[in-house]
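For reference, the structure discussed in these notes is given below.
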2 protein chains.
Amino acid sequence: MNIVVQKFGGTSVRNLECQRQVMQKVLRPYREGNKVIVVLSAMSGETNRLLGLAEEWSDNPDPAEVDSLVSTGEQISCALFAMLLKQQGVKCRSVLGFQAPVKTDCCYGKARITAIDESRLKCMLQEYDILVVAGFQGCDDHGRITTLGRGGSDTSAVALAAALKADVCEIYTDVTGVFTTDPNLCSDARKIDRVSYDEMLEMASMGAKVLQIRSVEFAKKYNVTVHVRSTFSDEPGTIVTQEDENMEAVMVSGIAYDKDQARITLIHVKDNPGVSAQIFSPLAEKKILVDMIVQNPSKDGLTDMTFTVPRADVKQTIKTLEALKYEIGYEELSSNLNVAKVSIIGVGMRNHSGVASKAFRALADENVNILMISTSEIKITCLIDDKYTELAVRTLHKAFNLEEGKHIE
Amino acid sequence: MNIVVQKFGGTSVRNLECQRQVMQKVLRPYREGNKVIVVLSAMSGETNRLLGLAEEWSDNPDPAEVDSLVSTGEQISCALFAMLLKQQGVKCRSVLGFQAPVKTDCCYGKARITAIDESRLKCMLQEYDILVVAGFQGCDDHGRITTLGRGGSDTSAVALAAALKADVCEIYTDVTGVFTTDPNLCSDARKIDRVSYDEMLEMASMGAKVLQIRSVEFAKKYNVTVHVRSTFSDEPGTIVTQEDENMEAVMVSGIAYDKDQARITLIHVKDNPGVSAQIFSPLAEKKILVDMIVQNPSKDGLTDMTFTVPRADVKQTIKTLEALKYEIGYEELSSNLNVAKVSIIGVGMRNHSGVASKAFRALADENVNILMISTSEIKITCLIDDKYTELAVRTLHKAFNLEEGKHIE
């Protein structure tokens with residue numbers, strides 16, 4: 001039994017006309033003799049409408065009830081789409097999270113998939129040629145409905161593909177694939193044909209919002225090949241898959257950026273063991289996502305600690321740390337909201353030297369000052385003044401010849 | 001464990017303000033120490049909105065998908081109401097059809113309840129004080145969602161009350177109870193305090209649309225006492241319960257009417273054995289609901305056969321019977337769309353004579369001609385010219401002193 005998994009987002013199923021277009025995509029693998037698992041999101045706007053009701057009804061709505069509420073969005077889109085297919089004479093049915101079943105933990109609102117009972121789905125695939133599965137939702141051990149968090153339908157699709165050992169997991173979206181950088185910033189941006197899971201993870205977390213991060217983690221863990229492509233065109237998109245030799249030959253695959261950043265510096269922190277924990281534990285408790293962290297070498301037992309947080313969390317961060325000023329023992333706190341991150345990503349960096357120096361040189365040539373640097377095996381991130389973001393992205397894109405599509409050194 | 005079941009319709013839960021009013025009704029038995037099962041319908045208008053989508057999507061939507069679609073209506077109202085209660089500090093949760101579980105057959109759109117697993121609900125009642133159960137929905141043996149048909153939430157409530165041996169099943173509606181006749185037609189109409197299941201069945205089927213017929217059948221079968229009352233007032237409503245001596249002392253409990261009627265007559269039917277089956281079987285196959293049937297005595301081997309059907313089915317009825325004219329063997333078919341049924345209902349008729357003659361006399365005094373008569377143990381129905389409906393109802397209501405509330409002979 002050849003199985004193809006296809007996932008369509010809210011924009012793709014937002015009305016009858018769009019669903020008819022989606023149907024053509026779904027019927028292709030079906031007519032080629034494949035069994036098809038179609039994973040759908042709620043019609044666009046519906047999830048927000050339902051969350052709006054929850055807010056109206058309660059200041060602090062019960063998360064389990066919110067999940068039962070918002071899961072109706074996918075229930076509706078799946079029932080309607082199954083009606084469309086059925087009218088074409090296709091043997092098909094809708095499958096809700098509890099029916100598949102997609103088992104999750106009971107962290108309502110951001111549940112994690114713990115198991116998918118592939119035997120029941122395989123059994124349904126004996127009887128039906130297409131299963132229209134509600135994305136984003138599952139059920140816990142008590143049979144209560146859970147949801148996987150925003151963008152969770154991508155994760156649903158990848159998890160189903162993993163459980164059913166599908167040939168491919170196609171994620172349909174409103175862009176034609178993953179680009180070397182944001183085409184809105186850089187007209188030379190080029191679609192990438194193949195990208196590794198790790199690169200995709202770095203790009204996704206940096207704001208190239210094509211695929212939900214957790215779905216990529218899932219794909220990596222279970223080695224599911226994901227094909228990101230457009231609902232509104234037939235051209236091939238980007239294959240997200242295991243790292244291979246071709247990818248390693250490429251030094252840099254893309255440039256990502258993130259403007260939603262602010263920098264906080266604690267000046268003259270007493271450099272005692274455990275001081276990092278004293279700073280970052282209270283922030284973690286407040287669910288503030290600290291990203292880049294840089295600590296200068298200690299001098300006279302004092303050090304400077306700099307890190308970035310999302311801009312929306314700056315006030316809360318400052319308030320939290322000022323309350324702990326004497327406990328932590330620092331002299332001064334400074335903050336800067338006008339910063340942005342620019343990142344160079346590529347698995348090829350593992351085997352190529354000189355990426356960092358080339359990047360720094362290119363930025364220096366354009367007088368872009370680097371405020372902070374942090375590096376990982378496959379990524380170099382620079383914090384810069386946010387007014388230079390577009391310039392920096394274009395400069396780096398050009399410096400690594402990403403527009404040429406033959407950026408192999 | 002004392003259990004109270006309360007059911008609220010779509011009008012009662014249509015917005016936040018109404019749901020807050022409903023909450024006050026629910027908190028009363030809760031504060032008195034009872035466990036409460038609240039059965040809710042979808043917010044008014046929602047079911048029709050969803051059915052509209054189904055019609056837009058498909059000329060002939062798959063019934064199983066329609067059920068999955070429309071069941072979201074109750075899912076939403078229950079999640080929202082549970083949020084409200086939870087905010088009051090009540091230990092509560094929403095319970096969907098598949099979670100209860102309310103097991104049904106797989107007649108999607110008009111499923112019948114086959115079993116309710118009271119052990120799981122009892123188990124939930126150990127942990128929670130109030131369960132907000134989605135009415136109208138269940139699931140079949142394959143775990144697919146089913147719905148019970150329009151008004152099915154009443155049946156859900158009665159079935160839950162039966163399964164859990166609840167002390168009482170309160171059906172909240174927008175009227176204060178069951179009336180001796182339609183108060184819109186007859187200003188003297190009076191609320192009935194107690195009515196038997198059988199009387200309620202006759203009234204419901206005659207258009208006194210307070211309770212769904214099937215819920216009354218269910219209540220009768222499992223001897224559940226139902227209290228029909230208003231969401232918007234505190235006065236006691238009507239108790240629907242087993243027949244008792246007081247009820248039998250009352251000769252007539254109410255006057256019902258139904259204007260959605262048409263009369264069909266087959267003239268000079270050959271009076272052979274099996275001719276009735278020849279006429280009514282083809283109509284039953286077309287799902288046409290034939291109601292009153294009157295056959296005149298045979299003369300020269302010929303008889304006239306008269307019956308009523310809903311007005312919407314007249315064309316179909318005539319078409320069906322004309323196609324069978326020679327097979328059945330009748331001379332002529334006549335029809336009349338301007339007819340209405342008026343019924344006198346009362347378990348007391350079993351022990352009182354003279355009800356029919358009194359009714360006929362009263363109608364004759366007002367020059368209302370009776371076109372057809374049919375009687376049962378507890379009901380007398382007259383077919384009349386529909387322009388006399390209001391007059392006939394008021395006349396009969398007066399003739400049996402129903403306005404006085406002491407209509408005991």
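FYI, nothing fancy with the structure tokens labels: chains A, B, ... in order, residues from 1 per chain, ligands from 1 as they appear.
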
For the structure I just gave you, how does DSSP split stretch 149-286 of chain A - specifically, which residues are alpha helix (DSSP H)? Reply as a ChimeraX atom specification. /A:152-163,197-205,213-222,245-249,275-285

Using only C-alpha atoms and a cut-off of 6 Å, which residues of chain B sit close to chain A? Please list them as a PyMOL selection string. chain B and resi 61-62+65+69+72+76+79+83

Return the single residue from A:Ser153, A:Thr225, A:Gln316, A:Ser187 that is closest to A:Lys398, with distances computed using only C-alpha atoms. A:Ser187

Residues at most 9 Å from stretch 293-295 of chain A, counting only C-alpha atoms, excluding those fewer than 2 positions away in the same chain, as a PyMOL selection string? chain A and resi 290-291+297-298+303-308+372-374

For stretch 328-337 of chain B: contacts at 12 Å, only C-alpha atoms, fewer than 3 positions along chain excluded, given as an NGL selection string: :B and (259-282 or 301-315 or 317-325 or 340-341 or 371 or 383-387)

Name all residues at most 10 Å from B:Pro236 (count only C-alpha atoms; drop same-chain ones fewer than 2 positions away) and give them as a ChimeraX atom specification. /B:176-177,193,227-230,233-234,238-239

Nearest to A:Val133 among A:Gln88, A:Thr173, A:Ser41, A:Ser376, with distances taken over only C-alpha atoms: which residue is it? A:Ser41

May I have all residues of stretch 80-243 of chain A that DSSP, computed from the backbone, assigns to strand (DSSP E), given as an mmCIF file with all heavy atoms, in the first residue's frame?
```cif
data_model
loop_
_atom_site.group_PDB
_atom_site.id
_atom_site.type_symbol
_atom_site.label_atom_id
_atom_site.label_comp_id
_atom_site.auth_asym_id
_atom_site.auth_seq_id
_atom_site.Cartn_x
_atom_site.Cartn_y
_atom_site.Cartn_z
ATOM 1 N N CYS A 92 -14.193 7.749 0.876
ATOM 2 C CA CYS A 92 -13.425 8.561 1.814
ATOM 3 C C CYS A 92 -14.236 8.849 3.055
ATOM 4 O O CYS A 92 -15.447 8.643 3.075
ATOM 5 C CB CYS A 92 -13.022 9.878 1.167
ATOM 6 S SG CYS A 92 -14.420 10.978 0.947
ATOM 7 N N ARG A 93 -13.592 9.302 4.097
ATOM 8 C CA ARG A 93 -14.272 9.759 5.309
ATOM 9 C C ARG A 93 -13.379 10.737 6.061
ATOM 10 O O ARG A 93 -12.162 10.765 5.862
ATOM 11 C CB ARG A 93 -14.658 8.598 6.232
ATOM 12 C CG ARG A 93 -13.488 7.781 6.763
ATOM 13 C CD ARG A 93 -13.862 6.938 7.961
ATOM 14 N NE ARG A 93 -13.961 7.769 9.158
ATOM 15 C CZ ARG A 93 -14.143 7.272 10.390
ATOM 16 N NH1 ARG A 93 -14.260 5.972 10.567
ATOM 17 N NH2 ARG A 93 -14.187 8.071 11.442
ATOM 18 N N SER A 94 -13.987 11.526 6.931
ATOM 19 C CA SER A 94 -13.210 12.390 7.807
ATOM 20 C C SER A 94 -12.796 11.582 9.036
ATOM 21 O O SER A 94 -13.481 10.640 9.439
ATOM 22 C CB SER A 94 -14.045 13.597 8.236
ATOM 23 O OG SER A 94 -15.144 13.181 9.012
ATOM 24 N N VAL A 95 -11.651 11.948 9.602
ATOM 25 C CA VAL A 95 -11.139 11.259 10.786
ATOM 26 C C VAL A 95 -10.694 12.324 11.787
ATOM 27 O O VAL A 95 -9.796 13.118 11.490
ATOM 28 C CB VAL A 95 -9.947 10.345 10.437
ATOM 29 C CG1 VAL A 95 -9.457 9.604 11.684
ATOM 30 C CG2 VAL A 95 -10.310 9.355 9.341
ATOM 31 N N VAL A 102 -4.982 9.994 17.426
ATOM 32 C CA VAL A 102 -3.698 10.657 17.634
ATOM 33 C C VAL A 102 -3.589 10.895 19.134
ATOM 34 O O VAL A 102 -4.234 11.782 19.677
ATOM 35 C CB VAL A 102 -3.631 12.001 16.868
ATOM 36 C CG1 VAL A 102 -2.337 12.741 17.179
ATOM 37 C CG2 VAL A 102 -3.775 11.776 15.374
ATOM 38 N N LYS A 103 -2.811 10.042 19.790
ATOM 39 C CA LYS A 103 -2.704 10.133 21.251
ATOM 40 C C LYS A 103 -1.692 11.207 21.634
ATOM 41 O O LYS A 103 -0.609 11.278 21.026
ATOM 42 C CB LYS A 103 -2.243 8.788 21.819
ATOM 43 C CG LYS A 103 -3.325 7.726 21.773
ATOM 44 C CD LYS A 103 -4.272 7.885 22.948
ATOM 45 C CE LYS A 103 -5.291 6.741 22.978
ATOM 46 N NZ LYS A 103 -6.286 6.970 24.027
ATOM 47 N N THR A 104 -2.032 12.016 22.615
ATOM 48 C CA THR A 104 -1.112 13.060 23.068
ATOM 49 C C THR A 104 -1.029 13.040 24.591
ATOM 50 O O THR A 104 -1.802 12.349 25.255
ATOM 51 C CB THR A 104 -1.616 14.465 22.669
ATOM 52 O OG1 THR A 104 -2.760 14.783 23.465
ATOM 53 C CG2 THR A 104 -2.000 14.534 21.198
ATOM 54 N N ILE A 113 2.372 14.866 20.692
ATOM 55 C CA ILE A 113 1.912 13.551 20.254
ATOM 56 C C ILE A 113 2.745 12.477 20.936
ATOM 57 O O ILE A 113 3.972 12.544 20.928
ATOM 58 C CB ILE A 113 2.027 13.433 18.723
ATOM 59 C CG1 ILE A 113 1.088 14.448 18.059
ATOM 60 C CG2 ILE A 113 1.710 12.015 18.253
ATOM 61 C CD1 ILE A 113 1.218 14.522 16.554
ATOM 62 N N THR A 114 2.075 11.511 21.552
ATOM 63 C CA THR A 114 2.809 10.419 22.204
ATOM 64 C C THR A 114 2.746 9.138 21.374
ATOM 65 O O THR A 114 3.668 8.349 21.394
ATOM 66 C CB THR A 114 2.238 10.140 23.612
ATOM 67 O OG1 THR A 114 0.812 9.957 23.505
ATOM 68 C CG2 THR A 114 2.491 11.315 24.546
ATOM 69 N N ALA A 115 1.666 8.961 20.636
ATOM 70 C CA ALA A 115 1.546 7.742 19.825
ATOM 71 C C ALA A 115 0.433 7.903 18.802
ATOM 72 O O ALA A 115 -0.539 8.613 19.042
ATOM 73 C CB ALA A 115 1.223 6.549 20.726
ATOM 74 N N ILE A 116 0.621 7.271 17.658
ATOM 75 C CA ILE A 116 -0.470 7.180 16.689
ATOM 76 C C ILE A 116 -0.688 5.699 16.428
ATOM 77 O O ILE A 116 0.247 4.973 16.100
ATOM 78 C CB ILE A 116 -0.119 7.913 15.381
ATOM 79 C CG1 ILE A 116 -0.105 9.426 15.628
ATOM 80 C CG2 ILE A 116 -1.114 7.563 14.280
ATOM 81 C CD1 ILE A 116 0.235 10.250 14.421
ATOM 82 N N ILE A 130 -9.265 7.581 0.592
ATOM 83 C CA ILE A 130 -8.745 8.853 1.104
ATOM 84 C C ILE A 130 -9.299 9.074 2.514
ATOM 85 O O ILE A 130 -10.504 8.931 2.742
ATOM 86 C CB ILE A 130 -9.140 10.036 0.194
ATOM 87 C CG1 ILE A 130 -8.593 9.825 -1.230
ATOM 88 C CG2 ILE A 130 -8.632 11.357 0.771
ATOM 89 C CD1 ILE A 130 -8.871 10.971 -2.192
ATOM 90 N N LEU A 131 -8.415 9.392 3.443
ATOM 91 C CA LEU A 131 -8.846 9.768 4.786
ATOM 92 C C LEU A 131 -8.568 11.255 4.970
ATOM 93 O O LEU A 131 -7.460 11.714 4.698
ATOM 94 C CB LEU A 131 -8.084 8.970 5.857
ATOM 95 C CG LEU A 131 -8.258 7.452 5.837
ATOM 96 C CD1 LEU A 131 -7.421 6.815 6.949
ATOM 97 C CD2 LEU A 131 -9.724 7.067 5.991
ATOM 98 N N VAL A 132 -9.579 11.983 5.385
ATOM 99 C CA VAL A 132 -9.425 13.422 5.611
ATOM 100 C C VAL A 132 -9.264 13.619 7.120
ATOM 101 O O VAL A 132 -10.228 13.537 7.877
ATOM 102 C CB VAL A 132 -10.657 14.196 5.105
ATOM 103 C CG1 VAL A 132 -10.434 15.690 5.274
ATOM 104 C CG2 VAL A 132 -10.952 13.850 3.649
ATOM 105 N N VAL A 133 -8.026 13.824 7.548
ATOM 106 C CA VAL A 133 -7.722 13.822 8.979
ATOM 107 C C VAL A 133 -7.636 15.251 9.506
ATOM 108 O O VAL A 133 -6.993 16.111 8.895
ATOM 109 C CB VAL A 133 -6.397 13.082 9.249
ATOM 110 C CG1 VAL A 133 -6.100 13.037 10.744
ATOM 111 C CG2 VAL A 133 -6.439 11.675 8.679
ATOM 112 N N ALA A 134 -8.262 15.479 10.632
ATOM 113 C CA ALA A 134 -8.215 16.797 11.273
ATOM 114 C C ALA A 134 -6.824 17.030 11.835
ATOM 115 O O ALA A 134 -6.354 16.262 12.675
ATOM 116 C CB ALA A 134 -9.255 16.873 12.393
ATOM 117 N N GLN A 137 -5.144 18.435 16.200
ATOM 118 C CA GLN A 137 -5.852 17.899 17.356
ATOM 119 C C GLN A 137 -5.514 16.451 17.652
ATOM 120 O O GLN A 137 -5.083 15.705 16.784
ATOM 121 C CB GLN A 137 -7.368 18.029 17.160
ATOM 122 C CG GLN A 137 -7.928 17.246 15.990
ATOM 123 C CD GLN A 137 -9.442 17.414 15.870
ATOM 124 O OE1 GLN A 137 -10.196 16.474 15.914
ATOM 125 N NE2 GLN A 137 -9.864 18.652 15.722
ATOM 126 N N GLY A 138 -5.685 16.075 18.895
ATOM 127 C CA GLY A 138 -5.502 14.699 19.311
ATOM 128 C C GLY A 138 -6.381 14.453 20.514
ATOM 129 O O GLY A 138 -7.309 15.213 20.775
ATOM 130 N N CYS A 139 -6.116 13.354 21.228
ATOM 131 C CA CYS A 139 -6.830 13.158 22.486
ATOM 132 C C CYS A 139 -5.884 12.547 23.505
ATOM 133 O O CYS A 139 -4.943 11.839 23.146
ATOM 134 C CB CYS A 139 -8.083 12.308 22.297
ATOM 135 S SG CYS A 139 -7.770 10.592 21.948
ATOM 136 N N ILE A 145 -10.220 15.959 24.298
ATOM 137 C CA ILE A 145 -9.617 16.525 23.096
ATOM 138 C C ILE A 145 -8.471 17.456 23.478
ATOM 139 O O ILE A 145 -8.585 18.247 24.406
ATOM 140 C CB ILE A 145 -10.686 17.300 22.288
ATOM 141 C CG1 ILE A 145 -11.731 16.311 21.747
ATOM 142 C CG2 ILE A 145 -10.050 18.079 21.150
ATOM 143 C CD1 ILE A 145 -12.917 16.980 21.085
ATOM 144 N N THR A 146 -7.367 17.340 22.748
ATOM 145 C CA THR A 146 -6.220 18.222 22.965
ATOM 146 C C THR A 146 -5.884 18.900 21.641
ATOM 147 O O THR A 146 -6.285 18.438 20.580
ATOM 148 C CB THR A 146 -4.987 17.420 23.411
ATOM 149 O OG1 THR A 146 -4.712 16.425 22.423
ATOM 150 C CG2 THR A 146 -5.202 16.753 24.748
ATOM 151 N N THR A 147 -5.145 20.014 21.709
ATOM 152 C CA THR A 147 -4.613 20.596 20.482
ATOM 153 C C THR A 147 -3.108 20.778 20.629
ATOM 154 O O THR A 147 -2.585 20.844 21.739
ATOM 155 C CB THR A 147 -5.270 21.951 20.129
ATOM 156 O OG1 THR A 147 -4.877 22.922 21.096
ATOM 157 C CG2 THR A 147 -6.784 21.848 20.082
ATOM 158 N N VAL A 168 5.788 10.017 1.078
ATOM 159 C CA VAL A 168 6.179 11.411 1.184
ATOM 160 C C VAL A 168 5.119 12.167 1.979
ATOM 161 O O VAL A 168 3.953 11.764 2.018
ATOM 162 C CB VAL A 168 6.366 12.045 -0.226
ATOM 163 C CG1 VAL A 168 5.040 12.104 -0.971
ATOM 164 C CG2 VAL A 168 6.989 13.430 -0.140
ATOM 165 N N CYS A 169 5.575 13.223 2.621
ATOM 166 C CA CYS A 169 4.660 14.102 3.338
ATOM 167 C C CYS A 169 4.724 15.461 2.658
ATOM 168 O O CYS A 169 5.729 16.168 2.753
ATOM 169 C CB CYS A 169 5.086 14.206 4.798
ATOM 170 S SG CYS A 169 4.040 15.323 5.762
ATOM 171 N N GLU A 170 3.670 15.811 1.941
ATOM 172 C CA GLU A 170 3.634 17.086 1.230
ATOM 173 C C GLU A 170 2.930 18.140 2.078
ATOM 174 O O GLU A 170 1.781 17.947 2.460
ATOM 175 C CB GLU A 170 2.893 16.943 -0.102
ATOM 176 C CG GLU A 170 3.556 15.970 -1.057
ATOM 177 C CD GLU A 170 2.835 15.889 -2.402
ATOM 178 O OE1 GLU A 170 1.591 16.045 -2.418
ATOM 179 O OE2 GLU A 170 3.507 15.669 -3.411
ATOM 180 N N ILE A 171 3.639 19.228 2.356
ATOM 181 C CA ILE A 171 3.027 20.323 3.122
ATOM 182 C C ILE A 171 2.729 21.442 2.132
ATOM 183 O O ILE A 171 3.647 22.068 1.595
ATOM 184 C CB ILE A 171 3.983 20.843 4.216
ATOM 185 C CG1 ILE A 171 4.459 19.710 5.125
ATOM 186 C CG2 ILE A 171 3.337 21.986 4.995
ATOM 187 C CD1 ILE A 171 3.516 19.310 6.224
ATOM 188 N N TYR A 172 1.435 21.649 1.866
ATOM 189 C CA TYR A 172 1.041 22.695 0.914
ATOM 190 C C TYR A 172 0.848 24.010 1.658
ATOM 191 O O TYR A 172 0.248 24.041 2.729
ATOM 192 C CB TYR A 172 -0.241 22.304 0.189
ATOM 193 C CG TYR A 172 0.005 21.245 -0.857
ATOM 194 C CD1 TYR A 172 0.026 19.899 -0.523
ATOM 195 C CD2 TYR A 172 0.257 21.608 -2.173
ATOM 196 C CE1 TYR A 172 0.266 18.932 -1.474
ATOM 197 C CE2 TYR A 172 0.487 20.638 -3.143
ATOM 198 C CZ TYR A 172 0.495 19.306 -2.786
ATOM 199 O OH TYR A 172 0.740 18.355 -3.735
ATOM 200 N N THR A 173 1.377 25.074 1.053
ATOM 201 C CA THR A 173 1.312 26.368 1.728
ATOM 202 C C THR A 173 1.112 27.442 0.659
ATOM 203 O O THR A 173 0.867 27.118 -0.504
ATOM 204 C CB THR A 173 2.600 26.561 2.564
ATOM 205 O OG1 THR A 173 2.724 27.922 2.923
ATOM 206 C CG2 THR A 173 3.830 26.145 1.810
ATOM 207 N N ARG A 194 16.709 21.441 -2.037
ATOM 208 C CA ARG A 194 16.802 20.483 -0.944
ATOM 209 C C ARG A 194 17.458 21.153 0.257
ATOM 210 O O ARG A 194 18.410 21.917 0.099
ATOM 211 C CB ARG A 194 17.670 19.274 -1.355
ATOM 212 C CG ARG A 194 17.027 18.412 -2.424
ATOM 213 C CD ARG A 194 18.028 17.389 -2.944
ATOM 214 N NE ARG A 194 18.296 16.312 -2.008
ATOM 215 C CZ ARG A 194 17.509 15.250 -1.871
ATOM 216 N NH1 ARG A 194 16.414 15.121 -2.601
ATOM 217 N NH2 ARG A 194 17.813 14.296 -0.999
ATOM 218 N N VAL A 195 16.969 20.865 1.421
ATOM 219 C CA VAL A 195 17.530 21.458 2.625
ATOM 220 C C VAL A 195 17.497 20.391 3.724
ATOM 221 O O VAL A 195 16.629 19.514 3.712
ATOM 222 C CB VAL A 195 16.732 22.745 3.002
ATOM 223 C CG1 VAL A 195 15.332 22.405 3.476
ATOM 224 C CG2 VAL A 195 17.463 23.571 4.033
ATOM 225 N N SER A 196 18.475 20.429 4.615
ATOM 226 C CA SER A 196 18.516 19.419 5.674
ATOM 227 C C SER A 196 17.596 19.817 6.818
ATOM 228 O O SER A 196 17.243 20.988 6.965
ATOM 229 C CB SER A 196 19.933 19.260 6.208
ATOM 230 O OG SER A 196 20.272 20.374 6.999
ATOM 231 N N VAL A 226 9.945 15.597 3.833
ATOM 232 C CA VAL A 226 8.859 16.573 3.736
ATOM 233 C C VAL A 226 9.042 17.383 2.458
ATOM 234 O O VAL A 226 10.152 17.819 2.143
ATOM 235 C CB VAL A 226 8.868 17.515 4.965
ATOM 236 C CG1 VAL A 226 7.801 18.598 4.821
ATOM 237 C CG2 VAL A 226 8.659 16.725 6.247
ATOM 238 N N HIS A 227 7.959 17.540 1.721
ATOM 239 C CA HIS A 227 8.003 18.339 0.513
ATOM 240 C C HIS A 227 7.131 19.575 0.729
ATOM 241 O O HIS A 227 5.908 19.478 0.768
ATOM 242 C CB HIS A 227 7.499 17.489 -0.671
ATOM 243 C CG HIS A 227 7.658 18.172 -1.995
ATOM 244 N ND1 HIS A 227 7.328 17.585 -3.185
ATOM 245 C CD2 HIS A 227 8.127 19.390 -2.323
ATOM 246 C CE1 HIS A 227 7.570 18.428 -4.186
ATOM 247 N NE2 HIS A 227 8.054 19.524 -3.688
ATOM 248 N N VAL A 228 7.778 20.732 0.889
ATOM 249 C CA VAL A 228 7.043 21.984 1.089
ATOM 250 C C VAL A 228 6.751 22.592 -0.262
ATOM 251 O O VAL A 228 7.673 22.852 -1.042
ATOM 252 C CB VAL A 228 7.884 22.988 1.910
ATOM 253 C CG1 VAL A 228 7.081 24.266 2.141
ATOM 254 C CG2 VAL A 228 8.309 22.386 3.227
ATOM 255 N N ARG A 229 5.488 22.814 -0.601
ATOM 256 C CA ARG A 229 5.153 23.319 -1.934
ATOM 257 C C ARG A 229 3.872 24.148 -1.917
ATOM 258 O O ARG A 229 3.194 24.227 -0.903
ATOM 259 C CB ARG A 229 5.038 22.150 -2.898
ATOM 260 C CG ARG A 229 4.028 21.108 -2.479
ATOM 261 C CD ARG A 229 4.181 19.836 -3.293
ATOM 262 N NE ARG A 229 4.175 20.127 -4.714
ATOM 263 C CZ ARG A 229 4.159 19.197 -5.669
ATOM 264 N NH1 ARG A 229 4.177 17.908 -5.328
ATOM 265 N NH2 ARG A 229 4.150 19.522 -6.932
ATOM 266 N N SER A 230 3.554 24.726 -3.057
ATOM 267 C CA SER A 230 2.440 25.662 -3.112
ATOM 268 C C SER A 230 1.127 25.005 -3.517
ATOM 269 O O SER A 230 1.085 24.168 -4.419
ATOM 270 C CB SER A 230 2.755 26.781 -4.108
ATOM 271 O OG SER A 230 1.582 27.503 -4.414
ATOM 272 N N THR A 238 10.339 22.665 -2.030
ATOM 273 C CA THR A 238 11.600 22.359 -1.359
ATOM 274 C C THR A 238 11.470 21.029 -0.614
ATOM 275 O O THR A 238 10.494 20.820 0.104
ATOM 276 C CB THR A 238 11.944 23.466 -0.336
ATOM 277 O OG1 THR A 238 12.059 24.708 -1.018
ATOM 278 C CG2 THR A 238 13.235 23.149 0.396
ATOM 279 N N ILE A 239 12.463 20.165 -0.825
ATOM 280 C CA ILE A 239 12.481 18.898 -0.100
ATOM 281 C C ILE A 239 13.290 19.075 1.180
ATOM 282 O O ILE A 239 14.445 19.493 1.128
ATOM 283 C CB ILE A 239 13.144 17.784 -0.953
ATOM 284 C CG1 ILE A 239 12.474 17.668 -2.328
ATOM 285 C CG2 ILE A 239 13.184 16.466 -0.189
ATOM 286 C CD1 ILE A 239 11.206 16.865 -2.349
ATOM 287 N N VAL A 240 12.663 18.787 2.315
ATOM 288 C CA VAL A 240 13.372 18.840 3.597
ATOM 289 C C VAL A 240 13.685 17.399 3.969
ATOM 290 O O VAL A 240 12.783 16.586 4.137
ATOM 291 C CB VAL A 240 12.506 19.491 4.688
ATOM 292 C CG1 VAL A 240 13.311 19.682 5.968
ATOM 293 C CG2 VAL A 240 11.927 20.814 4.201
ATOM 294 N N THR A 241 14.965 17.085 4.078
ATOM 295 C CA THR A 241 15.323 15.685 4.248
ATOM 296 C C THR A 241 16.644 15.550 4.999
ATOM 297 O O THR A 241 17.191 16.531 5.493
ATOM 298 C CB THR A 241 15.359 14.990 2.863
ATOM 299 O OG1 THR A 241 15.568 13.610 3.036
ATOM 300 C CG2 THR A 241 16.436 15.576 1.970
#
```

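Put simply, atom CA of B:Pro101 is 15.8 Å away from atom CA of A:Asp140.
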
For a test of reading the model, state the distance in Å between atom CA of B:Gln21 and atom CA of B:Gly152, rounded to one decimal. 22.6 Å

Between atom CA of B:Ala219 and atom CA of B:Lys165, what distance in Å does the model show, to one decimal? 11.6 Å
